2 protein chains.
Amino acid sequence: MSALSAGIRPEDEMLVVRPGKWTLTIVTLLRAETLRFNELKRQAGGISQKTLTVTLRELERDGFVTRTMFATIPPRVDYELTDLGRELLELADGWRVFASRNRTRVEAARERFDMSGGEPAIRLIHAD
Amino acid sequence: MSALSAGIRPEDEMLVVRPGKWTLTIVTLLRAETLRFNELKRQAGGISQKTLTVTLRELERDGFVTRTMFATIPPRVDYELTDLGRELLELADGWRVFASRNRTRVEAARERFDMSGGEPAIRLIHAD
DNA sequence: CCGCATCCATTTTGATACTG
DNA sequence: CAGTATCAAAATGGATGCGG
């Protein structure tokens with residue numbers, strides 16, 4: 001058994017993080033700098049307050065992000081990647097590179113599939 | 001702007017594949033060999049027929065997997081990774097390695113967070 | 001054996017309004 | 001500004017029964 005053979009089921013790998021729709025986006029936005037809640041919201045573009053709140057809470061809980069509250073008026077909260085968060089960022093980058101490299105290929109495959117009605121190749125007609 | 005700055009939003013990266021719960025598991029099971037539907041089902045352990053069907057259809061549609069139907073009785077269908085599928089497999093491996101390396105760290109972070117009630121650090125009390 | 005169709009439960013996400 | 005609360009909508013996953 002290879003080193004990877006353990007933990008192939010979803011619970012195993014995803015125990016660490018089963019990424020929500022916005023998780024990798026948020027992590028990526030925090031690449032260069034600490035950001036405040038509404039800066040994140042603006043830059044993400046299209047995320048709801050609630051989803052952003054929930055996503056950030058999860059990232060904080062899992063140790064990918066630190067939350068620093070300033071008890072000022074008006075309030076202010078800064079979000080920043082931890083070292084672990086920066087490792088997650090590398091995964092996100094890998095994913096994104098893959099996506100941008102292969103977008104055309106995947107779109108072409110989809111078109112072919114949809115045009116052909118998804119009919120599979122039939123290779124054999126012998127009975128067993 | 002870096003090469004990565006384009007396409008940070010979910011639609012961009014996930015257009016290629018927004019992985020369902022079982023997607024990476026299935027891809028990983030197809031690492032070494034072509035498998036039949038029920039072999040996949042058995043080896044995945046805990047996936048429903050429907051979810052497996054849907055997952056495989058998506059993988060086929062996006063060009064990650066080929067489906068070969070044998071018109072025998074009883075019928076037989078083989079699933080196999082394409083070259084593109086093998087690239088996706090590498091991403092899955094990266095994810096899994098990350099997960100197994102950091103499971104302990106994440107679990108510890110969670111425990112700390114849950115114990116402390118999730119209260120954030122307060123850094124400043126000055127008004128603006 | 002393979003897998004579609006249907007129905008249902010759970011989870012995730014979003015819209016909106018309101019608070020310290 | 002940075003949330004919480006509530007409600008509604010959508011996506012996802014699973015159980016079951018049928019059909020080629």
# chains A, B, ... in the order shown; residues from 1 in each chain; ligands from 1
$ interface_residues --of "chain D" --to "chain A" --cutoff "10 Å" --atoms "only C-alpha atoms (C1' of nucleotides)" --output "count of residues only"
4
$ interface_residues --of "chain C" --to "chain B" --cutoff "8 Å" --atoms "only C-alpha atoms (C1' of nucleotides)" --output "PyMOL selection string"
chain C and resi 1-3
$ calpha_fit_and_write --fixed "chain A" --moving "chain B" --output "short mmCIF file (atom, residue, chain, number, x, y, z; two decimals) with N, CA, C and O atoms, in the first residue's frame"
data_model
loop_
_atom_site.label_atom_id
_atom_site.label_comp_id
_atom_site.auth_asym_id
_atom_site.auth_seq_id
_atom_site.Cartn_x
_atom_site.Cartn_y
_atom_site.Cartn_z
N MET B 1 0.83 -1.06 -0.10
CA MET B 1 0.02 0.15 -0.04
C MET B 1 0.89 1.41 -0.07
O MET B 1 1.85 1.53 0.68
N SER B 2 0.53 2.35 -0.87
CA SER B 2 1.30 3.59 -0.94
C SER B 2 0.98 4.47 0.27
O SER B 2 0.05 4.21 1.01
N ALA B 3 1.75 5.49 0.41
CA ALA B 3 1.53 6.40 1.53
C ALA B 3 0.19 7.11 1.40
O ALA B 3 -0.34 7.63 2.38
N LEU B 4 -0.34 7.09 0.22
CA LEU B 4 -1.60 7.80 -0.02
C LEU B 4 -2.81 6.91 0.13
O LEU B 4 -3.93 7.38 0.09
N SER B 5 -2.60 5.64 0.31
CA SER B 5 -3.74 4.73 0.28
C SER B 5 -4.64 4.89 1.50
O SER B 5 -5.82 4.59 1.44
N ALA B 6 -4.08 5.38 2.58
CA ALA B 6 -4.93 5.63 3.73
C ALA B 6 -5.70 6.93 3.53
O ALA B 6 -5.15 7.91 3.06
N GLY B 7 -6.97 6.90 3.86
CA GLY B 7 -7.73 8.13 3.85
C GLY B 7 -8.19 8.58 2.49
O GLY B 7 -7.92 9.70 2.06
N ILE B 8 -8.89 7.72 1.81
CA ILE B 8 -9.36 8.09 0.49
C ILE B 8 -10.78 8.61 0.56
O ILE B 8 -11.24 9.32 -0.32
N ARG B 9 -11.45 8.31 1.64
CA ARG B 9 -12.85 8.71 1.73
C ARG B 9 -12.99 10.17 2.14
O ARG B 9 -12.11 10.74 2.76
N PRO B 10 -14.11 10.78 1.74
CA PRO B 10 -14.31 12.21 1.95
C PRO B 10 -14.04 12.65 3.38
O PRO B 10 -13.39 13.68 3.60
N GLU B 11 -14.52 11.92 4.34
CA GLU B 11 -14.34 12.34 5.74
C GLU B 11 -12.87 12.49 6.06
O GLU B 11 -12.49 13.34 6.85
N ASP B 12 -12.05 11.64 5.48
CA ASP B 12 -10.63 11.66 5.80
C ASP B 12 -9.97 12.93 5.30
O ASP B 12 -9.37 13.68 6.07
N GLU B 13 -10.09 13.18 4.02
CA GLU B 13 -9.42 14.35 3.49
C GLU B 13 -10.15 15.63 3.90
O GLU B 13 -9.53 16.64 4.16
N MET B 14 -11.44 15.55 3.95
CA MET B 14 -12.21 16.76 4.14
C MET B 14 -12.36 17.14 5.60
O MET B 14 -12.83 18.22 5.93
N LEU B 15 -11.95 16.24 6.47
CA LEU B 15 -11.95 16.61 7.88
C LEU B 15 -11.14 17.87 8.06
O LEU B 15 -11.44 18.72 8.90
N VAL B 16 -10.12 18.01 7.25
CA VAL B 16 -9.28 19.19 7.38
C VAL B 16 -9.98 20.42 6.86
O VAL B 16 -10.00 21.44 7.49
N VAL B 17 -10.52 20.33 5.69
CA VAL B 17 -11.38 21.41 5.23
C VAL B 17 -12.17 20.99 4.00
O VAL B 17 -11.63 20.62 2.99
N ARG B 18 -13.47 20.99 4.16
CA ARG B 18 -14.34 20.79 3.00
C ARG B 18 -14.72 22.18 2.54
O ARG B 18 -15.59 22.82 3.13
N PRO B 19 -14.06 22.65 1.51
CA PRO B 19 -14.13 24.06 1.21
C PRO B 19 -15.54 24.47 0.78
O PRO B 19 -16.12 23.86 -0.10
N GLY B 20 -16.03 25.50 1.40
CA GLY B 20 -17.27 26.10 0.93
C GLY B 20 -17.00 26.87 -0.35
O GLY B 20 -15.87 26.96 -0.82
N LYS B 21 -18.05 27.40 -0.89
CA LYS B 21 -17.95 28.07 -2.19
C LYS B 21 -16.90 29.19 -2.17
O LYS B 21 -16.23 29.44 -3.16
N TRP B 22 -16.74 29.85 -1.06
CA TRP B 22 -15.91 31.04 -1.02
C TRP B 22 -14.58 30.86 -0.28
O TRP B 22 -13.76 31.80 -0.24
N THR B 23 -14.39 29.71 0.31
CA THR B 23 -13.22 29.51 1.17
C THR B 23 -11.91 29.88 0.49
O THR B 23 -11.11 30.66 1.01
N LEU B 24 -11.69 29.31 -0.68
CA LEU B 24 -10.40 29.54 -1.34
C LEU B 24 -10.27 30.98 -1.83
O LEU B 24 -9.17 31.53 -1.88
N THR B 25 -11.40 31.59 -2.17
CA THR B 25 -11.38 32.99 -2.56
C THR B 25 -10.90 33.87 -1.41
O THR B 25 -10.03 34.73 -1.59
N ILE B 26 -11.48 33.65 -0.26
CA ILE B 26 -11.10 34.44 0.92
C ILE B 26 -9.63 34.26 1.26
O ILE B 26 -8.89 35.23 1.47
N VAL B 27 -9.20 33.01 1.27
CA VAL B 27 -7.79 32.74 1.57
C VAL B 27 -6.89 33.46 0.58
O VAL B 27 -5.86 34.04 0.95
N THR B 28 -7.29 33.46 -0.66
CA THR B 28 -6.47 34.10 -1.69
C THR B 28 -6.43 35.62 -1.51
O THR B 28 -5.39 36.25 -1.72
N LEU B 29 -7.55 36.19 -1.10
CA LEU B 29 -7.57 37.64 -0.89
C LEU B 29 -6.65 38.04 0.26
O LEU B 29 -6.14 39.17 0.30
N LEU B 30 -6.41 37.13 1.18
CA LEU B 30 -5.57 37.45 2.33
C LEU B 30 -4.09 37.18 2.06
O LEU B 30 -3.26 37.26 2.96
N ARG B 31 -3.77 36.88 0.79
CA ARG B 31 -2.39 36.55 0.43
C ARG B 31 -1.40 37.62 0.90
O ARG B 31 -0.44 37.35 1.61
N ALA B 32 -1.66 38.85 0.49
CA ALA B 32 -0.65 39.89 0.68
C ALA B 32 -0.79 40.65 1.98
O ALA B 32 0.19 41.03 2.60
N GLU B 33 -2.01 40.81 2.43
CA GLU B 33 -2.20 41.73 3.54
C GLU B 33 -3.37 41.34 4.43
O GLU B 33 -4.29 40.68 4.01
N THR B 34 -3.26 41.78 5.64
CA THR B 34 -4.36 41.75 6.59
C THR B 34 -5.51 42.57 6.05
O THR B 34 -5.30 43.66 5.54
N LEU B 35 -6.70 42.04 6.13
CA LEU B 35 -7.86 42.79 5.64
C LEU B 35 -8.96 42.85 6.69
O LEU B 35 -9.08 41.97 7.54
N ARG B 36 -9.76 43.90 6.60
CA ARG B 36 -10.90 44.05 7.49
C ARG B 36 -12.13 43.41 6.84
O ARG B 36 -12.15 43.13 5.64
N PHE B 37 -13.12 43.20 7.69
CA PHE B 37 -14.31 42.49 7.22
C PHE B 37 -14.89 43.07 5.93
O PHE B 37 -15.07 42.37 4.94
N ASN B 38 -15.12 44.35 5.94
CA ASN B 38 -15.77 44.95 4.77
C ASN B 38 -14.85 45.09 3.57
O ASN B 38 -15.31 45.12 2.42
N GLU B 39 -13.56 45.12 3.81
CA GLU B 39 -12.63 45.08 2.68
C GLU B 39 -12.72 43.74 1.99
O GLU B 39 -12.76 43.65 0.75
N LEU B 40 -12.74 42.69 2.78
CA LEU B 40 -12.92 41.36 2.21
C LEU B 40 -14.23 41.26 1.43
O LEU B 40 -14.27 40.74 0.31
N LYS B 41 -15.26 41.79 2.03
CA LYS B 41 -16.58 41.72 1.40
C LYS B 41 -16.56 42.42 0.04
O LYS B 41 -17.04 41.90 -0.96
N ARG B 42 -15.98 43.60 0.02
CA ARG B 42 -15.91 44.35 -1.24
C ARG B 42 -15.08 43.60 -2.28
O ARG B 42 -15.49 43.44 -3.42
N GLN B 43 -13.91 43.16 -1.86
CA GLN B 43 -12.98 42.56 -2.82
C GLN B 43 -13.47 41.20 -3.33
O GLN B 43 -13.16 40.81 -4.45
N ALA B 44 -14.18 40.49 -2.49
CA ALA B 44 -14.70 39.19 -2.94
C ALA B 44 -15.73 39.41 -4.03
O ALA B 44 -15.77 38.69 -5.03
N GLY B 45 -16.57 40.43 -3.83
CA GLY B 45 -17.53 40.78 -4.86
C GLY B 45 -18.65 39.78 -5.02
O GLY B 45 -18.55 38.85 -5.80
N GLY B 46 -19.72 39.96 -4.28
CA GLY B 46 -20.87 39.10 -4.48
C GLY B 46 -21.14 38.14 -3.33
O GLY B 46 -22.08 37.36 -3.39
N ILE B 47 -20.33 38.19 -2.31
CA ILE B 47 -20.58 37.33 -1.14
C ILE B 47 -21.50 38.07 -0.18
O ILE B 47 -21.44 39.28 -0.04
N SER B 48 -22.38 37.33 0.47
CA SER B 48 -23.27 37.94 1.45
C SER B 48 -22.55 38.05 2.78
O SER B 48 -21.57 37.35 3.04
N GLN B 49 -23.07 38.93 3.61
CA GLN B 49 -22.47 39.13 4.92
C GLN B 49 -22.43 37.82 5.69
O GLN B 49 -21.43 37.46 6.29
N LYS B 50 -23.53 37.13 5.66
CA LYS B 50 -23.62 35.90 6.44
C LYS B 50 -22.59 34.87 5.98
O LYS B 50 -21.88 34.28 6.79
N THR B 51 -22.54 34.68 4.69
CA THR B 51 -21.61 33.68 4.16
C THR B 51 -20.17 34.06 4.49
O THR B 51 -19.36 33.20 4.85
N LEU B 52 -19.87 35.35 4.41
CA LEU B 52 -18.52 35.78 4.76
C LEU B 52 -18.24 35.51 6.23
O LEU B 52 -17.18 34.98 6.60
N THR B 53 -19.19 35.84 7.08
CA THR B 53 -19.01 35.58 8.51
C THR B 53 -18.77 34.12 8.77
O THR B 53 -17.82 33.73 9.46
N VAL B 54 -19.62 33.28 8.20
CA VAL B 54 -19.51 31.84 8.44
C VAL B 54 -18.19 31.30 7.90
O VAL B 54 -17.49 30.52 8.57
N THR B 55 -17.83 31.72 6.71
CA THR B 55 -16.58 31.26 6.11
C THR B 55 -15.39 31.65 6.97
O THR B 55 -14.50 30.83 7.24
N LEU B 56 -15.38 32.89 7.43
CA LEU B 56 -14.27 33.35 8.26
C LEU B 56 -14.21 32.62 9.60
O LEU B 56 -13.13 32.27 10.09
N ARG B 57 -15.37 32.36 10.19
CA ARG B 57 -15.39 31.62 11.44
C ARG B 57 -14.79 30.23 11.27
O ARG B 57 -14.02 29.76 12.09
N GLU B 58 -15.14 29.58 10.22
CA GLU B 58 -14.60 28.23 9.97
C GLU B 58 -13.09 28.29 9.77
O GLU B 58 -12.36 27.46 10.31
N LEU B 59 -12.66 29.25 8.98
CA LEU B 59 -11.23 29.38 8.75
C LEU B 59 -10.49 29.68 10.05
O LEU B 59 -9.38 29.20 10.27
N GLU B 60 -11.13 30.47 10.91
CA GLU B 60 -10.51 30.78 12.19
C GLU B 60 -10.49 29.54 13.08
O GLU B 60 -9.47 29.20 13.68
N ARG B 61 -11.60 28.85 13.11
CA ARG B 61 -11.70 27.65 13.96
C ARG B 61 -10.67 26.60 13.58
O ARG B 61 -10.09 25.93 14.44
N ASP B 62 -10.43 26.45 12.31
CA ASP B 62 -9.50 25.42 11.85
C ASP B 62 -8.05 25.88 11.89
O ASP B 62 -7.14 25.12 11.59
N GLY B 63 -7.85 27.14 12.25
CA GLY B 63 -6.49 27.62 12.42
C GLY B 63 -5.84 28.16 11.15
O GLY B 63 -4.62 28.26 11.07
N PHE B 64 -6.63 28.52 10.17
CA PHE B 64 -6.08 29.06 8.92
C PHE B 64 -5.99 30.58 8.95
O PHE B 64 -5.25 31.18 8.17
N VAL B 65 -6.78 31.16 9.82
CA VAL B 65 -6.90 32.63 9.85
C VAL B 65 -6.96 33.08 11.30
O VAL B 65 -7.52 32.40 12.15
N THR B 66 -6.34 34.21 11.59
CA THR B 66 -6.51 34.80 12.92
C THR B 66 -7.44 36.00 12.81
O THR B 66 -7.43 36.73 11.82
N ARG B 67 -8.23 36.18 13.85
CA ARG B 67 -9.13 37.32 13.90
C ARG B 67 -8.70 38.22 15.04
O ARG B 67 -8.60 37.77 16.18
N THR B 68 -8.45 39.46 14.74
CA THR B 68 -8.06 40.42 15.76
C THR B 68 -9.10 41.51 15.86
O THR B 68 -9.33 42.25 14.91
N MET B 69 -9.69 41.57 17.03
CA MET B 69 -10.74 42.56 17.24
C MET B 69 -10.18 43.78 17.94
O MET B 69 -9.50 43.66 18.95
N PHE B 70 -10.48 44.94 17.42
CA PHE B 70 -10.11 46.18 18.07
C PHE B 70 -11.36 46.77 18.71
O PHE B 70 -12.34 47.02 18.01
N ALA B 71 -11.30 46.97 20.02
CA ALA B 71 -12.50 47.44 20.73
C ALA B 71 -12.64 48.94 20.60
O ALA B 71 -12.76 49.66 21.58
N THR B 72 -12.62 49.40 19.37
CA THR B 72 -12.76 50.83 19.11
C THR B 72 -14.19 51.14 18.70
O THR B 72 -15.00 50.24 18.50
N ILE B 73 -14.47 52.39 18.60
CA ILE B 73 -15.74 52.80 18.03
C ILE B 73 -15.47 53.70 16.86
O ILE B 73 -14.87 54.77 17.02
N PRO B 74 -15.84 53.27 15.66
CA PRO B 74 -16.55 52.01 15.37
C PRO B 74 -15.63 50.81 15.49
O PRO B 74 -14.41 50.98 15.42
N PRO B 75 -16.19 49.63 15.67
CA PRO B 75 -15.39 48.42 15.84
C PRO B 75 -14.59 48.12 14.58
O PRO B 75 -14.91 48.59 13.49
N ARG B 76 -13.56 47.31 14.77
CA ARG B 76 -12.73 46.96 13.63
C ARG B 76 -12.17 45.56 13.86
O ARG B 76 -11.78 45.22 14.97
N VAL B 77 -12.19 44.76 12.85
CA VAL B 77 -11.71 43.39 12.97
C VAL B 77 -10.79 43.09 11.81
O VAL B 77 -11.15 43.29 10.65
N ASP B 78 -9.58 42.63 12.14
CA ASP B 78 -8.61 42.29 11.09
C ASP B 78 -8.50 40.79 10.93
O ASP B 78 -8.47 40.05 11.91
N TYR B 79 -8.40 40.37 9.68
CA TYR B 79 -8.21 38.95 9.39
C TYR B 79 -6.87 38.77 8.70
O TYR B 79 -6.51 39.53 7.80
N GLU B 80 -6.17 37.71 9.13
CA GLU B 80 -4.83 37.48 8.62
C GLU B 80 -4.56 35.99 8.52
O GLU B 80 -5.03 35.20 9.34
N LEU B 81 -3.82 35.59 7.50
CA LEU B 81 -3.48 34.18 7.37
C LEU B 81 -2.47 33.75 8.43
O LEU B 81 -1.55 34.49 8.76
N THR B 82 -2.65 32.55 8.94
CA THR B 82 -1.62 31.93 9.78
C THR B 82 -0.64 31.21 8.85
O THR B 82 -0.82 31.18 7.63
N ASP B 83 0.40 30.62 9.42
CA ASP B 83 1.31 29.81 8.61
C ASP B 83 0.55 28.68 7.93
O ASP B 83 0.75 28.39 6.75
N LEU B 84 -0.33 28.06 8.69
CA LEU B 84 -1.14 26.98 8.12
C LEU B 84 -2.02 27.51 7.00
O LEU B 84 -2.19 26.86 5.96
N GLY B 85 -2.54 28.69 7.19
CA GLY B 85 -3.35 29.32 6.16
C GLY B 85 -2.56 29.56 4.89
O GLY B 85 -3.07 29.41 3.78
N ARG B 86 -1.29 29.88 5.05
CA ARG B 86 -0.46 30.09 3.87
C ARG B 86 -0.22 28.78 3.11
O ARG B 86 -0.09 28.78 1.88
N GLU B 87 -0.22 27.68 3.83
CA GLU B 87 -0.10 26.39 3.15
C GLU B 87 -1.37 26.09 2.37
O GLU B 87 -1.33 25.55 1.26
N LEU B 88 -2.50 26.45 2.98
CA LEU B 88 -3.76 26.26 2.27
C LEU B 88 -3.80 27.13 1.02
O LEU B 88 -4.32 26.72 -0.02
N LEU B 89 -3.23 28.31 1.14
CA LEU B 89 -3.17 29.22 0.00
C LEU B 89 -2.43 28.57 -1.17
O LEU B 89 -2.81 28.74 -2.33
N GLU B 90 -1.40 27.82 -0.87
CA GLU B 90 -0.68 27.16 -1.96
C GLU B 90 -1.55 26.14 -2.68
O GLU B 90 -1.50 26.02 -3.90
N LEU B 91 -2.35 25.43 -1.91
CA LEU B 91 -3.30 24.52 -2.54
C LEU B 91 -4.27 25.28 -3.44
O LEU B 91 -4.56 24.87 -4.56
N ALA B 92 -4.77 26.39 -2.91
CA ALA B 92 -5.70 27.19 -3.69
C ALA B 92 -5.06 27.66 -4.99
O ALA B 92 -5.68 27.63 -6.05
N ASP B 93 -3.79 28.06 -4.90
CA ASP B 93 -3.08 28.49 -6.10
C ASP B 93 -2.97 27.35 -7.12
O ASP B 93 -3.18 27.55 -8.31
N GLY B 94 -2.63 26.18 -6.61
CA GLY B 94 -2.52 25.02 -7.50
C GLY B 94 -3.83 24.75 -8.22
O GLY B 94 -3.85 24.50 -9.43
N TRP B 95 -4.89 24.86 -7.48
CA TRP B 95 -6.20 24.64 -8.06
C TRP B 95 -6.50 25.66 -9.15
O TRP B 95 -6.97 25.35 -10.23
N ARG B 96 -6.15 26.90 -8.84
CA ARG B 96 -6.47 27.99 -9.75
C ARG B 96 -5.63 27.90 -11.02
O ARG B 96 -6.11 28.14 -12.12
N VAL B 97 -4.39 27.54 -10.86
CA VAL B 97 -3.52 27.36 -12.02
C VAL B 97 -4.06 26.25 -12.92
O VAL B 97 -4.16 26.41 -14.14
N PHE B 98 -4.44 25.16 -12.29
CA PHE B 98 -5.02 24.05 -13.04
C PHE B 98 -6.26 24.50 -13.81
O PHE B 98 -6.44 24.18 -14.99
N ALA B 99 -7.09 25.28 -13.12
CA ALA B 99 -8.33 25.74 -13.74
C ALA B 99 -8.05 26.61 -14.95
O ALA B 99 -8.63 26.43 -16.02
N SER B 100 -7.14 27.55 -14.80
CA SER B 100 -6.93 28.48 -15.91
C SER B 100 -6.21 27.78 -17.06
O SER B 100 -6.46 28.08 -18.22
N ARG B 101 -5.36 26.82 -16.75
CA ARG B 101 -4.68 26.08 -17.81
C ARG B 101 -5.63 25.21 -18.61
O ARG B 101 -5.42 24.99 -19.80
N ASN B 102 -6.65 24.69 -17.94
CA ASN B 102 -7.47 23.66 -18.60
C ASN B 102 -8.89 24.07 -18.90
O ASN B 102 -9.70 23.25 -19.34
N ARG B 103 -9.16 25.34 -18.68
CA ARG B 103 -10.53 25.79 -18.90
C ARG B 103 -11.02 25.43 -20.30
O ARG B 103 -12.10 24.88 -20.50
N THR B 104 -10.20 25.75 -21.26
CA THR B 104 -10.58 25.50 -22.65
C THR B 104 -10.83 24.02 -22.92
O THR B 104 -11.85 23.66 -23.54
N ARG B 105 -9.94 23.21 -22.43
CA ARG B 105 -10.07 21.77 -22.62
C ARG B 105 -11.36 21.25 -22.01
O ARG B 105 -12.06 20.43 -22.62
N VAL B 106 -11.66 21.70 -20.81
CA VAL B 106 -12.87 21.22 -20.15
C VAL B 106 -14.11 21.71 -20.88
O VAL B 106 -15.06 20.95 -21.08
N GLU B 107 -14.07 22.96 -21.29
CA GLU B 107 -15.22 23.49 -22.00
C GLU B 107 -15.47 22.72 -23.30
O GLU B 107 -16.61 22.44 -23.66
N ALA B 108 -14.38 22.38 -23.98
CA ALA B 108 -14.52 21.60 -25.21
C ALA B 108 -15.10 20.23 -24.93
O ALA B 108 -15.99 19.75 -25.65
N ALA B 109 -14.61 19.59 -23.87
CA ALA B 109 -15.12 18.27 -23.50
C ALA B 109 -16.62 18.34 -23.20
O ALA B 109 -17.40 17.48 -23.63
N ARG B 110 -17.01 19.37 -22.51
CA ARG B 110 -18.43 19.53 -22.19
C ARG B 110 -19.28 19.67 -23.43
O ARG B 110 -20.35 19.08 -23.55
N GLU B 111 -18.78 20.49 -24.34
CA GLU B 111 -19.55 20.72 -25.56
C GLU B 111 -19.72 19.41 -26.33
O GLU B 111 -20.81 19.09 -26.79
N ARG B 112 -18.64 18.68 -26.45
CA ARG B 112 -18.71 17.39 -27.13
C ARG B 112 -19.73 16.48 -26.47
O ARG B 112 -20.58 15.88 -27.13
N PHE B 113 -19.63 16.40 -25.16
CA PHE B 113 -20.53 15.53 -24.40
C PHE B 113 -21.99 15.94 -24.62
O PHE B 113 -22.85 15.10 -24.89
N ASP B 114 -22.24 17.23 -24.51
CA ASP B 114 -23.62 17.70 -24.63
C ASP B 114 -24.16 17.51 -26.03
O ASP B 114 -25.33 17.16 -26.23
N MET B 115 -23.31 17.75 -27.04
CA MET B 115 -23.74 17.57 -28.42
C MET B 115 -24.11 16.13 -28.70
O MET B 115 -25.11 15.83 -29.35
N SER B 116 -23.28 15.21 -28.22
CA SER B 116 -23.49 13.80 -28.54
C SER B 116 -24.59 13.17 -27.67
O SER B 116 -24.89 11.99 -27.81
N GLY B 117 -25.17 13.96 -26.81
CA GLY B 117 -26.20 13.41 -25.95
C GLY B 117 -25.63 12.54 -24.85
O GLY B 117 -26.35 11.82 -24.18
N GLY B 118 -24.33 12.59 -24.68
CA GLY B 118 -23.70 11.82 -23.62
C GLY B 118 -23.65 10.34 -23.86
O GLY B 118 -23.43 9.55 -22.96
N GLU B 119 -23.86 9.92 -25.11
CA GLU B 119 -23.84 8.48 -25.37
C GLU B 119 -22.42 7.94 -25.32
O GLU B 119 -21.52 8.45 -25.97
N PRO B 120 -22.23 6.89 -24.55
CA PRO B 120 -20.91 6.32 -24.35
C PRO B 120 -20.52 5.44 -25.52
O PRO B 120 -21.38 5.00 -26.30
N ALA B 121 -19.24 5.22 -25.64
CA ALA B 121 -18.75 4.27 -26.64
C ALA B 121 -19.16 2.85 -26.25
O ALA B 121 -19.16 2.50 -25.08
N ILE B 122 -19.54 2.07 -27.24
CA ILE B 122 -19.83 0.66 -27.00
C ILE B 122 -18.72 -0.17 -27.63
O ILE B 122 -18.45 -0.05 -28.82
N ARG B 123 -18.06 -0.94 -26.83
CA ARG B 123 -16.87 -1.62 -27.30
C ARG B 123 -17.10 -3.08 -27.70
O ARG B 123 -16.50 -3.58 -28.63
N LEU B 124 -17.93 -3.80 -27.01
CA LEU B 124 -18.09 -5.22 -27.27
C LEU B 124 -19.56 -5.60 -27.31
O LEU B 124 -20.37 -5.00 -26.62
N ILE B 125 -19.85 -6.59 -28.10
CA ILE B 125 -21.22 -7.06 -28.13
C ILE B 125 -21.31 -8.54 -27.78
O ILE B 125 -22.37 -9.13 -27.78
N HIS B 126 -20.18 -9.12 -27.44
CA HIS B 126 -20.22 -10.53 -27.05
C HIS B 126 -20.92 -10.70 -25.72
O HIS B 126 -20.78 -9.86 -24.84
N ALA B 127 -21.63 -11.81 -25.61
CA ALA B 127 -22.11 -12.21 -24.29
C ALA B 127 -20.92 -12.70 -23.49
O ALA B 127 -19.87 -13.00 -24.05
N ASP B 128 -21.08 -12.78 -22.19
CA ASP B 128 -19.95 -13.21 -21.36
C ASP B 128 -19.53 -14.62 -21.71
O ASP B 128 -18.47 -15.07 -21.41
#
$ select_by_dssp --residues "segment 41-95 of chain B" --states "helix (DSSP H, G or I)" --output "PyMOL selection string"
chain B and resi 41-44+49-61+83-95
